[in-house]
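Enquirer: Sharing a structure here in structure tokens format.
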Amino acid sequence: MTGDRAEDVDAPTESGRPWLQAVAAVGLVVALCAGVWVSGALSDSGSVAKPATCSGGEPTTAAGKAHVSGAQLCKVLNRPDLAELLGTPGQFAKTASGSDSSMRLFDSKDVATPSARIEFETYTVTLTGTFDRLPVAGSASLLGKDAQQRTLLGRPAVLYSDQTISIRFRLDGGDTQTGPGVPARVVSVARNAKDSGGSFEVTLWRSDGRVPDDAVLLRIAEQVLPTVPGWTANG
């Protein structure tokens, strides 16, 4: 191993709300460095590649309330037909991981932000829950000029562009470097039809740096979100 080698990782800016992005980015870097992400098994006896699997886990707790865990979101997202939904049938998930975290708001209350990430050769898709009291309706004005307010699965939603963070780990133990990554598309959907606070976000980006197709993103959200624990058809 030479001293100038490095490893690049694309990480999402978790949660589209601007005041959460900076905190989430720092938290994600710490999580990656600490090995919080649990990688799935990629091979059997070092020979035959198999789809990555998720680890077990229990719901996390924040502000005295139990919420869905990152491990649960991982199991929801890592579905057998995910490659087909992405339009890449035959591809295996290379990694499947869930993470539990929370962030402290300005009013000193903890907000649970569990997340899951599934990586394929062509695409990476993440599912993140934010259990705050902020509505999704009206948030398009905060998410860039191309953000679109819409309804998805009978709930307020917003579709917008984002960008991953490129994190370079030096294998010689040198300083970690961060910078802009690849373009991503995100759909944020209210946790309930009344839009009383909180959201689930599905984020999609491509390994080749091309902008993902919105039709692919929305197809995944429409199939995955109704299977999240606690989701009800009427919100």
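Letters A, B, ... mark the chains of the structure tokens in the order given; residue numbers begin at 1 per chain; ligand numbers begin at 1, in order shown.
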Using DSSP on the backbone coordinates, identify the residues of region 95-234 of chain A assigned to helix (DSSP H, G or I); present them as a VMD selection string.

Expert: chain A and resid 139 to 142 214 to 227

Enquirer: Return as number ranges by chain the full set of residues in region 62-195 of chain A whose backbone-based DSSP assignment is strand (DSSP E).

Expert: A: 62, 65-66, 95-99, 102-104, 110-112, 115-119, 123-130, 148-152, 155-170, 177-190

Enquirer: Quick one: of A:Ala190, A:Val224, A:Leu159, A:Val111, who's nearest to Pro80 (chain A), counting only C-alpha atoms?

Expert: A:Val224

Enquirer: Env of region 134-140 of chain A: 7 Å cut, atoms = only C-alpha atoms, seq-sep filter 2 positions within chain, self excluded. Answer as JSON, numbers by chain.

Expert: {"A": [132, 142, 143, 147, 148, 149, 156, 157, 158, 189, 190, 195, 196, 197, 198]}

Enquirer: Just how far from CA of Lys75 (chain A) is CA of Ser99 (chain A), in Å to one decimal?

Expert: 11.9 Å

Enquirer: List the neighbours of region 207-212 of chain A out to 10 Å using only C-alpha atoms; skip same-chain residues closer than 4 positions along the sequence, and give me the result as a VMD selection string.

Expert: chain A and resid 10 86 119 to 124 161 163 181 to 186 203 216 to 217

Enquirer: Emit the selected residues as a PDB file, in the first residue's frame, including N, CA and C atoms.

Expert:
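The file below, result13.pdb, is the result:
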ATOM      1  N   ASP A  10     -19.168   8.753  -2.173  1.00  0.00           N
ATOM      2  CA  ASP A  10     -20.225   9.754  -2.342  1.00  0.00           C
ATOM      3  C   ASP A  10     -21.236   9.560  -1.246  1.00  0.00           C
ATOM      4  N   LEU A  86     -35.218   0.243 -10.546  1.00  0.00           N
ATOM      5  CA  LEU A  86     -34.195   1.171 -11.009  1.00  0.00           C
ATOM      6  C   LEU A  86     -33.983   1.087 -12.519  1.00  0.00           C
ATOM      7  N   GLU A 119     -26.503   0.468  -2.419  1.00  0.00           N
ATOM      8  CA  GLU A 119     -25.637   0.841  -3.540  1.00  0.00           C
ATOM      9  C   GLU A 119     -25.570  -0.272  -4.573  1.00  0.00           C
ATOM     10  N   PHE A 120     -25.833   0.098  -5.829  1.00  0.00           N
ATOM     11  CA  PHE A 120     -25.689  -0.797  -6.971  1.00  0.00           C
ATOM     12  C   PHE A 120     -24.530  -0.300  -7.825  1.00  0.00           C
ATOM     13  N   GLU A 121     -24.213  -1.038  -8.865  1.00  0.00           N
ATOM     14  CA  GLU A 121     -23.148  -0.612  -9.766  1.00  0.00           C
ATOM     15  C   GLU A 121     -23.509   0.695 -10.455  1.00  0.00           C
ATOM     16  N   THR A 122     -24.768   0.856 -10.823  1.00  0.00           N
ATOM     17  CA  THR A 122     -25.197   2.041 -11.573  1.00  0.00           C
ATOM     18  C   THR A 122     -25.766   3.123 -10.680  1.00  0.00           C
ATOM     19  N   TYR A 123     -26.587   2.755  -9.707  1.00  0.00           N
ATOM     20  CA  TYR A 123     -27.294   3.708  -8.868  1.00  0.00           C
ATOM     21  C   TYR A 123     -26.973   3.505  -7.386  1.00  0.00           C
ATOM     22  N   THR A 124     -27.173   4.578  -6.627  1.00  0.00           N
ATOM     23  CA  THR A 124     -27.254   4.499  -5.172  1.00  0.00           C
ATOM     24  C   THR A 124     -28.559   5.174  -4.770  1.00  0.00           C
ATOM     25  N   SER A 161     -33.589  19.069  -6.734  1.00  0.00           N
ATOM     26  CA  SER A 161     -32.219  18.633  -7.029  1.00  0.00           C
ATOM     27  C   SER A 161     -31.328  18.844  -5.819  1.00  0.00           C
ATOM     28  N   GLN A 163     -27.021  17.552  -4.356  1.00  0.00           N
ATOM     29  CA  GLN A 163     -25.704  17.078  -4.777  1.00  0.00           C
ATOM     30  C   GLN A 163     -25.070  16.306  -3.633  1.00  0.00           C
ATOM     31  N   GLY A 181     -19.886  16.337  -4.994  1.00  0.00           N
ATOM     32  CA  GLY A 181     -19.960  15.026  -5.614  1.00  0.00           C
ATOM     33  C   GLY A 181     -20.770  15.053  -6.896  1.00  0.00           C
ATOM     34  N   VAL A 182     -21.697  14.111  -7.035  1.00  0.00           N
ATOM     35  CA  VAL A 182     -22.494  13.985  -8.248  1.00  0.00           C
ATOM     36  C   VAL A 182     -23.897  14.521  -8.014  1.00  0.00           C
ATOM     37  N   PRO A 183     -24.614  14.895  -9.089  1.00  0.00           N
ATOM     38  CA  PRO A 183     -25.980  15.403  -8.924  1.00  0.00           C
ATOM     39  C   PRO A 183     -26.928  14.306  -8.451  1.00  0.00           C
ATOM     40  N   ALA A 184     -27.893  14.691  -7.630  1.00  0.00           N
ATOM     41  CA  ALA A 184     -28.886  13.758  -7.111  1.00  0.00           C
ATOM     42  C   ALA A 184     -30.270  14.370  -7.262  1.00  0.00           C
ATOM     43  N   ARG A 185     -31.271  13.494  -7.322  1.00  0.00           N
ATOM     44  CA  ARG A 185     -32.663  13.934  -7.311  1.00  0.00           C
ATOM     45  C   ARG A 185     -33.329  13.388  -6.062  1.00  0.00           C
ATOM     46  N   VAL A 186     -34.165  14.221  -5.465  1.00  0.00           N
ATOM     47  CA  VAL A 186     -34.764  13.886  -4.179  1.00  0.00           C
ATOM     48  C   VAL A 186     -36.267  14.140  -4.226  1.00  0.00           C
ATOM     49  N   THR A 203     -33.698   9.547  -2.076  1.00  0.00           N
ATOM     50  CA  THR A 203     -32.663  10.237  -2.853  1.00  0.00           C
ATOM     51  C   THR A 203     -32.014   9.250  -3.804  1.00  0.00           C
ATOM     52  N   VAL A 216     -37.812   7.296 -12.551  1.00  0.00           N
ATOM     53  CA  VAL A 216     -37.239   6.199 -11.770  1.00  0.00           C
ATOM     54  C   VAL A 216     -37.370   6.513 -10.278  1.00  0.00           C
ATOM     55  N   LEU A 217     -37.014   7.725  -9.892  1.00  0.00           N
ATOM     56  CA  LEU A 217     -37.095   8.135  -8.491  1.00  0.00           C
ATOM     57  C   LEU A 217     -38.516   8.009  -7.954  1.00  0.00           C
TER      58      LEU A 217
END

Enquirer: Between A:Ala93, A:Leu204, A:Cys54, A:Ile167, which residue has the minimum interatomic distance to Val76 (chain A), considering only C-alpha atoms?

Expert: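 Distance minimum relative to Val76 (chain A) lands on A:Cys54.
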
Enquirer: Hey, can you check how far CA of Thr113 (chain A) sits from CA of Ala83 (chain A)?

Expert: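 Spanning CA of Thr113 (chain A) to CA of Ala83 (chain A) is a straight-line distance of 25.3 Å.
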
Enquirer: For Thr232 (chain A), work out the shell of residues within 12 Å, counting only C-alpha atoms and skipping chain neighbours fewer than 2 positions away, then give it as a VMD selection string.

Expert: chain A and resid 153 to 155 191 to 193 225 to 230 234 to 235

Enquirer: Report, in Å with one decimal, the straight-line distance from CA of Asp213 (chain A) to CA of Pro51 (chain A).

Expert: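 For CA of Asp213 (chain A) relative to CA of Pro51 (chain A), the distance reads 23.8 Å.
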
Enquirer: Of the candidates A:Arg117, A:Arg133, A:Lys109, A:Lys94, which shows the shortest atom-to-atom distance to Gln72 (chain A), using only C-alpha atoms?

Expert: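 Among the listed residues, the smallest separation from Gln72 (chain A) belongs to A:Arg117.
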